[in-house]
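One structure is given below, encoded as structure tokens.
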Amino acid sequence: MDGEDSSEVMSEVHVGCPPHSSGPHISRFTISLPPEVEPSRYNELFEAEAAASVREVLTLDDDGDLVLPRRSKQSTRCFNVTIQHNITSLIPSVGLQVWKAELVLADFVMHKMCTSSDFNGIISLELGAGTGLAGILLSRVAWTVFLTDHGNYILDNCAKNVQLNSGVFSHQGSVHVRDLNWMNPWPPIFSLGNSSASQERYSWNSSELKEVQRASVLLAADVIYSDDLTDALFHTLKRLMPLGSKKVLVNMVLYLALEKRYNFSLNDLDVVANGYSHFRSYIMEEGEHRRFERESFPAFVGKCIDLNEFPQYVREYDRGNDVELWQIKRSENES
């Protein structure tokens, strides 16, 4: 593990970053409305920029008649999100970078916001938020968004991005950057006013912890890369997500985007995605009950969302074939 912790890694996402630099760097991600999507809501998310071009040269047709200049209009509805991120980082600080799965999650969030009211006025928590991109976009329509991660460098960078994008937020909503270490029990210890200034800034208070209990949507992207962290994540989810029942006022759903990473395994003598396999061991897909008839049911049920169901809103990346988006809930058949 120590060797892995000292390894430097680099995401494929480094929009406009100068070559041979390691960050931090500020990139502007363009969020644009795909041509096939006609939003039913939140047109104010996009600024209409009409560009007109006129042919200057007068010409005659075959009959000698004057051809009138034609005016072509193209409406571009888009806005920019400004994100400070590192180009490279050590593995414990990968939250300083923007990863492809975060952009897929951002596409999904934007599509829900533009074509439905499902996220309107919700309370949401982003786990392992890193740079905070998806949660910042969600804050445009949500009531409260908690961007959570662990480590002062990552939290400081996330808070910087919140500041850089304050104009994106809904006027009535609020965004909080909070420390959440999955290795510690939930709920986190809230501030009693005797912490250091840095710890105090990202500490929870009792009213926030009560508000999180009413959260309906959890977000996470590219948090599946270490088996230990995956174990800790699902242990936290068990405590955070209540079991579905009539007594539960709000049933939480987790939207988790991940990128499969393949390595050669001596045990398997093959190229495998071990981290992905460990993640899947926690989840029963919808309709998989028969598979577990003689076993204990996993604590979570999930559905892999077809990425073709929503178009690309973030311009500056290629989705590729190794990214998945999961909708995950607590299993009613958990044993």
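Here, A, B, ... name the chains of the structure tokens in the order displayed, residue numbers run from 1 inside each chain, and ligands are numbered from 1 in the same displayed order.
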
Excluding same-chain residues fewer than 2 positions from segment 92-96 of chain A, what lies within 10 Å of it counting only C-alpha atoms, as a ChimeraX atom specification? /A:4-11,23-24,84-90,98-99,128-132,149-151,153-158,222-223

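Scanning segment 133-246 of chain A with DSSP on the backbone, the strand (DSSP E) assignments fall on Thr144, Val145, Phe146, Leu147, Thr148, Asp149, Ser174, Val175, His176, Val177, Arg178, Asp179, Val217, Leu218, Leu219, Ala220 and Ala221 of chain A.
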
Export of the given selection (N, CA and C atoms) as a PDB file, in the first residue's frame:
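Result went into out37.pdb, see below:
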```pdb
ATOM      1  N   THR A 144     -30.234  22.115  -0.896  1.00  0.00           N
ATOM      2  CA  THR A 144     -28.950  22.071  -0.198  1.00  0.00           C
ATOM      3  C   THR A 144     -28.095  20.966  -0.814  1.00  0.00           C
ATOM      4  N   VAL A 145     -26.813  21.259  -1.016  1.00  0.00           N
ATOM      5  CA  VAL A 145     -25.854  20.264  -1.491  1.00  0.00           C
ATOM      6  C   VAL A 145     -24.677  20.227  -0.523  1.00  0.00           C
ATOM      7  N   PHE A 146     -24.354  19.034  -0.027  1.00  0.00           N
ATOM      8  CA  PHE A 146     -23.172  18.825   0.801  1.00  0.00           C
ATOM      9  C   PHE A 146     -22.094  18.164  -0.061  1.00  0.00           C
ATOM     10  N   LEU A 147     -20.980  18.856  -0.253  1.00  0.00           N
ATOM     11  CA  LEU A 147     -19.842  18.298  -0.979  1.00  0.00           C
ATOM     12  C   LEU A 147     -18.875  17.752   0.058  1.00  0.00           C
ATOM     13  N   THR A 148     -18.692  16.435   0.085  1.00  0.00           N
ATOM     14  CA  THR A 148     -17.900  15.826   1.152  1.00  0.00           C
ATOM     15  C   THR A 148     -16.683  15.108   0.587  1.00  0.00           C
ATOM     16  N   ASP A 149     -15.588  15.207   1.319  1.00  0.00           N
ATOM     17  CA  ASP A 149     -14.360  14.484   0.992  1.00  0.00           C
ATOM     18  C   ASP A 149     -13.507  14.515   2.250  1.00  0.00           C
ATOM     19  N   SER A 174     -28.147  26.306  -0.934  1.00  0.00           N
ATOM     20  CA  SER A 174     -26.894  26.484  -0.217  1.00  0.00           C
ATOM     21  C   SER A 174     -25.983  25.294  -0.506  1.00  0.00           C
ATOM     22  N   VAL A 175     -24.670  25.547  -0.465  1.00  0.00           N
ATOM     23  CA  VAL A 175     -23.660  24.523  -0.723  1.00  0.00           C
ATOM     24  C   VAL A 175     -22.687  24.522   0.440  1.00  0.00           C
ATOM     25  N   HIS A 176     -22.416  23.329   0.990  1.00  0.00           N
ATOM     26  CA  HIS A 176     -21.499  23.193   2.101  1.00  0.00           C
ATOM     27  C   HIS A 176     -20.403  22.199   1.751  1.00  0.00           C
ATOM     28  N   VAL A 177     -19.166  22.548   2.024  1.00  0.00           N
ATOM     29  CA  VAL A 177     -18.039  21.631   1.872  1.00  0.00           C
ATOM     30  C   VAL A 177     -17.739  21.064   3.252  1.00  0.00           C
ATOM     31  N   ARG A 178     -17.823  19.726   3.371  1.00  0.00           N
ATOM     32  CA  ARG A 178     -17.679  19.108   4.685  1.00  0.00           C
ATOM     33  C   ARG A 178     -16.741  17.905   4.637  1.00  0.00           C
ATOM     34  N   ASP A 179     -16.030  17.705   5.736  1.00  0.00           N
ATOM     35  CA  ASP A 179     -15.123  16.566   5.857  1.00  0.00           C
ATOM     36  C   ASP A 179     -15.919  15.305   6.179  1.00  0.00           C
ATOM     37  N   VAL A 217     -30.948  12.251  -2.617  1.00  0.00           N
ATOM     38  CA  VAL A 217     -30.018  11.883  -3.690  1.00  0.00           C
ATOM     39  C   VAL A 217     -28.589  11.950  -3.189  1.00  0.00           C
ATOM     40  N   LEU A 218     -27.860  10.853  -3.380  1.00  0.00           N
ATOM     41  CA  LEU A 218     -26.427  10.809  -3.130  1.00  0.00           C
ATOM     42  C   LEU A 218     -25.715  10.705  -4.470  1.00  0.00           C
ATOM     43  N   LEU A 219     -24.574  11.363  -4.577  1.00  0.00           N
ATOM     44  CA  LEU A 219     -23.761  11.303  -5.789  1.00  0.00           C
ATOM     45  C   LEU A 219     -22.368  10.801  -5.429  1.00  0.00           C
ATOM     46  N   ALA A 220     -21.746  10.074  -6.345  1.00  0.00           N
ATOM     47  CA  ALA A 220     -20.353   9.659  -6.173  1.00  0.00           C
ATOM     48  C   ALA A 220     -19.783   9.347  -7.542  1.00  0.00           C
ATOM     49  N   ALA A 221     -18.525   9.694  -7.745  1.00  0.00           N
ATOM     50  CA  ALA A 221     -17.870   9.431  -9.029  1.00  0.00           C
ATOM     51  C   ALA A 221     -16.420   9.056  -8.802  1.00  0.00           C
TER      52      ALA A 221
END
```

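Distance check against Ile224 of chain A using only C-alpha atoms: of A:Gly121, A:Pro242, A:Lys160, A:Ala101, the minimum falls on A:Ala101.
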
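Neighbours of Gln312 of chain A closer than or equal to 10 Å, with only C-alpha atoms counted and sequence neighbours fewer than 3 positions away skipped, come out as A:Ile31, A:Ser32, A:Leu33, A:Pro34, A:Leu103, A:Val104, A:Ala106, A:Asp107, A:Phe108, A:Met110, A:His111, A:Leu307, A:Asn308, A:Arg315, A:Glu316, A:Tyr317, A:Asp318, A:Arg319.
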
Gap from atom CA of Gly320 of chain A to atom CA of Leu256 of chain A - Å, one decimal: 17.0 Å

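Computed from the coordinates, the atom CA of Leu237 of chain A to atom CA of Ser124 of chain A distance equals 13.8 Å.
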
Within 8 Å of Val212 of chain A, counting only C-alpha atoms, which residues qualify if same-chain residues fewer than 3 places away don't, as a PyMOL selection string? chain A and resi 123-125+208-209+215

One residue among A:Ile305, A:Ser226, A:Ala257, A:Asn181 is nearest to Asn274 of chain A when using only C-alpha atoms, and that residue is A:Ser226
